[in-house]
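Colleague: One structure is given below, represented as structure tokens, and several questions about it will come after.
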Amino acid sequence: FYQALNNLGVLYKDIGDLKSSVDYLKRAIKCKPDYIDAINNLGISLKLLGKNDEAVLSFKKVIKIEQKNKEALNNLAIIKYEKGENEQAINEFKKIIKNHHLYPEAYNNLGVVFKKINKLDIAIKYFKKALDIKENYSEAMYNLGNCYKIQNKYNLAIEMLNKSINLNKENEDAYYNLGKVYDDIGEEKKSIESYKKALELNPNFSDAYNNLAIKINDMGDIHQAIALYKKAIFNRP
């Protein structure tokens with residue numbers, strides 16, 4: 001019974017109903033107080049709700065039950081990264097890797113931190129390591145592609161972003177960044193197609209509207225460009 005409650009909580013999280021997710025996960029934990037999966041999932045849903053302090057308590061509860069639980073340790077390190085505590089996050093991810101050297105998520109997340117602090121060669125190393133362990137890891141491919149874009153290695157960026165999209169066709173950010181790469185190399189048609197695909201997936205994507213407006217204006221369609229710029233402004237967070 002408690003497993004069904006946990007699974008319901010996860011499904012509600014996946015469809016974005018975080019309040020219901022939290023309710024079902026708390027019911028699962030009430031039935032089985034040491035149910036690690038439910039406690040960890042509760043932390044994830046609380047984090048998505050912006051309740052980081054409560055999420056941290058959940059992850060720490062998991063670690064109290066199972067000291068080297070990689071998911072809880074990884075989630076705690078992510079929270080440190082999101083708070084801007086980059087050095088602490090790096091140290092935490094490295095500790096996870098030391099105990100779980102085949103855990104691709106930790107390598108990917110470590111790469112994300114190094115990318116943020118502009119240590120791209122180190123970031124690339126960790127993204128590649130994640131892919132060595134988990135060949136079809138869409139998120140690591142996406143991150144690697146973005147690093148290559150920053151380094152102006154456009155062919156490699158296109159290759160990685162397309163591979164990421166083939167594994168996850170719902171990633172509007174991958175289409176958007178692919179559009180930016182095509183933009184950089186003058187592939188106007190492919191750039192426009194990529195921005196349009198990003199907007200199909202997310203009709204509120206302000207930056208995609210803006211970049212598409214620039215391309216449409218360059219092609220001479222001023223009225224459509226005006227409409228797109230207005231959408232970019234309307235959807236600006």
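Every chain in the structure tokens has a letter given in the order shown (A, B, ...), and although residue numbers restart at 1 in each chain, ligands are simply numbered from 1 in the order shown.
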Which residues are close to Phe59 (chain A), i.e. within 10 Å by only C-alpha atoms, leaving aside same-chain residues fewer than 2 positions away? Reply as a PyMOL selection string.

Modeller: chain A and resi 36+39-44+54-57+61-64+69+71-76

Colleague: Could you pull out the residues in region 80-236 of chain A that DSSP calls helix (DSSP H, G or I) from the backbone, as a PyMOL selection string?

Modeller: chain A and resi 80-82+86-99+104-116+120-133+138-150+154-167+172-184+188-201+206-218+222-234

Colleague: Limited to C-alpha atoms, could you put the picked residues into a file as a compact mmCIF listing (two decimals), in the first residue's frame?

Modeller:
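Writing done, so here's again_39.txt:
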# COMPACT_ATOMS: atom_id res chain seq x y z
CA LYS A 80 24.20 24.14 -2.48
CA TYR A 81 24.93 24.84 -6.15
CA GLU A 82 21.61 26.63 -6.62
CA ASN A 86 29.92 26.47 -5.86
CA GLU A 87 33.03 25.29 -4.03
CA GLN A 88 30.95 23.43 -1.44
CA ALA A 89 28.87 21.87 -4.20
CA ILE A 90 32.02 20.73 -6.03
CA ASN A 91 33.34 19.13 -2.86
CA GLU A 92 30.03 17.36 -2.22
CA PHE A 93 29.78 16.00 -5.77
CA LYS A 94 33.37 14.76 -5.57
CA LYS A 95 32.58 12.95 -2.31
CA ILE A 96 29.62 11.26 -3.99
CA ILE A 97 31.82 10.15 -6.90
CA LYS A 98 34.40 8.77 -4.47
CA ASN A 99 31.77 6.47 -2.96
CA PRO A 104 26.57 9.46 -13.91
CA GLU A 105 24.31 12.13 -12.39
CA ALA A 106 27.08 13.25 -10.03
CA TYR A 107 29.57 13.63 -12.89
CA ASN A 108 27.01 15.57 -14.93
CA ASN A 109 26.17 17.86 -12.03
CA LEU A 110 29.83 18.43 -11.30
CA GLY A 111 30.25 19.44 -14.92
CA VAL A 112 27.37 21.90 -14.55
CA VAL A 113 29.13 23.63 -11.65
CA PHE A 114 32.44 23.89 -13.53
CA LYS A 115 30.59 25.25 -16.59
CA LYS A 116 28.99 27.91 -14.40
CA LEU A 120 34.87 24.62 -19.61
CA ASP A 121 37.61 22.04 -20.21
CA ILE A 122 37.02 20.56 -16.77
CA ALA A 123 33.25 20.66 -17.31
CA ILE A 124 33.63 18.83 -20.63
CA LYS A 125 35.72 16.16 -18.95
CA TYR A 126 32.95 15.43 -16.45
CA PHE A 127 30.16 15.48 -19.04
CA LYS A 128 32.14 12.97 -21.11
CA LYS A 129 32.66 10.81 -18.04
CA ALA A 130 28.91 10.83 -17.40
CA LEU A 131 28.38 9.68 -21.00
CA ASP A 132 31.02 6.96 -20.66
CA ILE A 133 28.92 5.51 -17.85
CA SER A 138 20.37 13.25 -22.88
CA GLU A 139 21.06 15.89 -20.22
CA ALA A 140 24.83 15.33 -20.34
CA MET A 141 24.75 15.54 -24.14
CA TYR A 142 22.82 18.81 -23.89
CA ASN A 143 25.31 20.25 -21.41
CA LEU A 144 28.27 19.11 -23.49
CA GLY A 145 26.75 20.67 -26.59
CA ASN A 146 26.37 23.99 -24.79
CA CYS A 147 30.02 23.90 -23.74
CA TYR A 148 31.09 23.30 -27.32
CA LYS A 149 28.92 26.23 -28.44
CA ILE A 150 30.68 28.55 -25.98
CA TYR A 154 29.98 24.46 -33.78
CA ASN A 155 30.01 21.06 -35.48
CA LEU A 156 30.48 19.31 -32.14
CA ALA A 157 27.79 21.49 -30.57
CA ILE A 158 25.30 20.61 -33.32
CA GLU A 159 26.14 16.93 -33.02
CA MET A 160 25.62 16.84 -29.24
CA LEU A 161 22.47 18.95 -29.22
CA ASN A 162 20.90 16.83 -31.95
CA LYS A 163 21.79 13.65 -30.07
CA SER A 164 20.22 15.10 -26.95
CA ILE A 165 17.06 16.02 -28.87
CA ASN A 166 16.81 12.53 -30.39
CA LEU A 167 16.67 11.13 -26.87
CA GLU A 172 12.72 23.19 -25.74
CA ASP A 173 16.05 24.54 -24.44
CA ALA A 174 17.96 22.12 -26.66
CA TYR A 175 16.07 23.31 -29.75
CA TYR A 176 16.59 26.94 -28.70
CA ASN A 177 20.35 26.52 -28.21
CA LEU A 178 20.59 24.57 -31.46
CA GLY A 179 18.91 27.53 -33.14
CA LYS A 180 21.53 29.84 -31.65
CA VAL A 181 24.33 27.63 -33.00
CA TYR A 182 22.80 27.62 -36.48
CA ASP A 183 22.42 31.40 -36.12
CA ASP A 184 26.14 31.74 -35.33
CA GLU A 188 19.23 30.86 -41.30
CA LYS A 189 16.59 28.27 -42.29
CA LYS A 190 17.73 25.73 -39.71
CA SER A 191 17.95 28.45 -37.07
CA ILE A 192 14.36 29.52 -37.70
CA GLU A 193 13.15 25.91 -37.69
CA SER A 194 14.84 25.29 -34.33
CA TYR A 195 13.34 28.42 -32.72
CA LYS A 196 9.89 27.48 -34.04
CA LYS A 197 10.24 23.98 -32.61
CA ALA A 198 11.21 25.44 -29.22
CA LEU A 199 8.07 27.59 -29.34
CA GLU A 200 5.87 24.61 -30.26
CA LEU A 201 7.06 22.95 -27.07
CA SER A 206 10.28 34.76 -24.54
CA ASP A 207 13.89 34.42 -25.72
CA ALA A 208 12.86 32.15 -28.59
CA TYR A 209 10.28 34.71 -29.74
CA ASN A 210 12.94 37.43 -29.59
CA ASN A 211 15.53 35.50 -31.58
CA LEU A 212 12.94 34.36 -34.11
CA ALA A 213 11.80 38.00 -34.51
CA ILE A 214 15.38 39.03 -35.31
CA LYS A 215 15.61 36.39 -38.04
CA ILE A 216 12.20 37.24 -39.50
CA ASN A 217 13.04 40.94 -39.51
CA ASP A 218 16.32 40.18 -41.31
CA ILE A 222 8.56 43.60 -40.51
CA HIS A 223 4.93 43.01 -39.51
CA GLN A 224 5.54 39.43 -38.41
CA ALA A 225 8.69 40.53 -36.59
CA ILE A 226 6.68 43.16 -34.69
CA ALA A 227 4.15 40.52 -33.63
CA LEU A 228 6.93 38.23 -32.44
CA TYR A 229 8.68 40.99 -30.48
CA LYS A 230 5.37 41.75 -28.76
CA LYS A 231 5.06 38.09 -27.77
CA ALA A 232 8.63 38.16 -26.46
CA ILE A 233 7.79 41.16 -24.30
CA PHE A 234 4.45 39.73 -23.12

Colleague: Might you pull out every residue within 12 Å of Tyr12 (chain A), with only C-alpha atoms counted and same-chain residues fewer than 3 positions away left off, and present them as a PyMOL selection string?

Modeller: chain A and resi 5-9+15-25+41-42+45

Colleague: Let me see the file: selected residues, N, CA and C atoms, as a JSON list (two decimals), in the first residue's frame.

Modeller:
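The resulting file, out.json, is reproduced below:
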[["chain", "number", "residue", "atom", "x", "y", "z"],
["A", 5, "LEU", "N", 1.25, 4.52, -2.75],
["A", 5, "LEU", "CA", 1.19, 5.93, -2.37],
["A", 5, "LEU", "C", 2.42, 6.68, -2.89],
["A", 6, "ASN", "N", 3.58, 6.04, -2.74],
["A", 6, "ASN", "CA", 4.82, 6.66, -3.25],
["A", 6, "ASN", "C", 4.75, 6.84, -4.76],
["A", 7, "ASN", "N", 4.30, 5.78, -5.46],
["A", 7, "ASN", "CA", 4.24, 5.86, -6.92],
["A", 7, "ASN", "C", 3.26, 6.93, -7.39],
["A", 8, "LEU", "N", 2.15, 7.07, -6.68],
["A", 8, "LEU", "CA", 1.20, 8.14, -7.00],
["A", 8, "LEU", "C", 1.85, 9.51, -6.80],
["A", 9, "GLY", "N", 2.60, 9.63, -5.71],
["A", 9, "GLY", "CA", 3.29, 10.89, -5.45],
["A", 9, "GLY", "C", 4.25, 11.25, -6.57],
["A", 15, "ILE", "N", 3.51, 15.24, -13.49],
["A", 15, "ILE", "CA", 2.55, 16.05, -14.24],
["A", 15, "ILE", "C", 2.42, 17.46, -13.67],
["A", 16, "GLY", "N", 3.26, 17.77, -12.66],
["A", 16, "GLY", "CA", 3.31, 19.13, -12.15],
["A", 16, "GLY", "C", 2.34, 19.45, -11.02],
["A", 17, "ASP", "N", 1.62, 18.43, -10.53],
["A", 17, "ASP", "CA", 0.71, 18.66, -9.40],
["A", 17, "ASP", "C", 1.49, 18.37, -8.11],
["A", 18, "LEU", "N", 2.28, 19.35, -7.70],
["A", 18, "LEU", "CA", 3.22, 19.13, -6.60],
["A", 18, "LEU", "C", 2.53, 19.03, -5.25],
["A", 19, "LYS", "N", 1.43, 19.74, -5.08],
["A", 19, "LYS", "CA", 0.69, 19.66, -3.82],
["A", 19, "LYS", "C", 0.18, 18.24, -3.58],
["A", 20, "SER", "N", -0.42, 17.65, -4.61],
["A", 20, "SER", "CA", -0.90, 16.27, -4.49],
["A", 20, "SER", "C", 0.27, 15.31, -4.30],
["A", 21, "SER", "N", 1.37, 15.59, -4.99],
["A", 21, "SER", "CA", 2.57, 14.76, -4.85],
["A", 21, "SER", "C", 3.02, 14.72, -3.40],
["A", 22, "VAL", "N", 3.14, 15.89, -2.79],
["A", 22, "VAL", "CA", 3.57, 15.98, -1.39],
["A", 22, "VAL", "C", 2.59, 15.25, -0.47],
["A", 23, "ASP", "N", 1.31, 15.42, -0.72],
["A", 23, "ASP", "CA", 0.29, 14.77, 0.13],
["A", 23, "ASP", "C", 0.43, 13.25, 0.10],
["A", 24, "TYR", "N", 0.57, 12.69, -1.09],
["A", 24, "TYR", "CA", 0.67, 11.22, -1.20],
["A", 24, "TYR", "C", 1.99, 10.70, -0.64],
["A", 25, "LEU", "N", 3.06, 11.44, -0.86],
["A", 25, "LEU", "CA", 4.36, 11.00, -0.33],
["A", 25, "LEU", "C", 4.37, 11.04, 1.19],
["A", 41, "ASN", "N", 11.82, 11.26, -2.48],
["A", 41, "ASN", "CA", 10.89, 11.85, -3.45],
["A", 41, "ASN", "C", 10.16, 13.05, -2.86],
["A", 42, "LEU", "N", 9.87, 12.97, -1.57],
["A", 42, "LEU", "CA", 9.24, 14.11, -0.90],
["A", 42, "LEU", "C", 10.17, 15.32, -0.95],
["A", 45, "SER", "N", 10.00, 16.88, -4.42],
["A", 45, "SER", "CA", 8.77, 17.65, -4.66],
["A", 45, "SER", "C", 8.77, 18.94, -3.86]]

Colleague: Using only C-alpha atoms, which of A:Ile78, A:Leu49, A:Ile185, A:Ala4 sits nearest Ala28 (chain A)?

Modeller: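 For Ala28 (chain A), the nearest of the given residues is A:Ala4.
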
Colleague: In Å to one decimal, how far is CA of Glu170 (chain A) from CA of Lys134 (chain A)?

Modeller: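 Spanning CA of Lys134 (chain A) to CA of Glu170 (chain A) is a straight-line distance of 19.8 Å.
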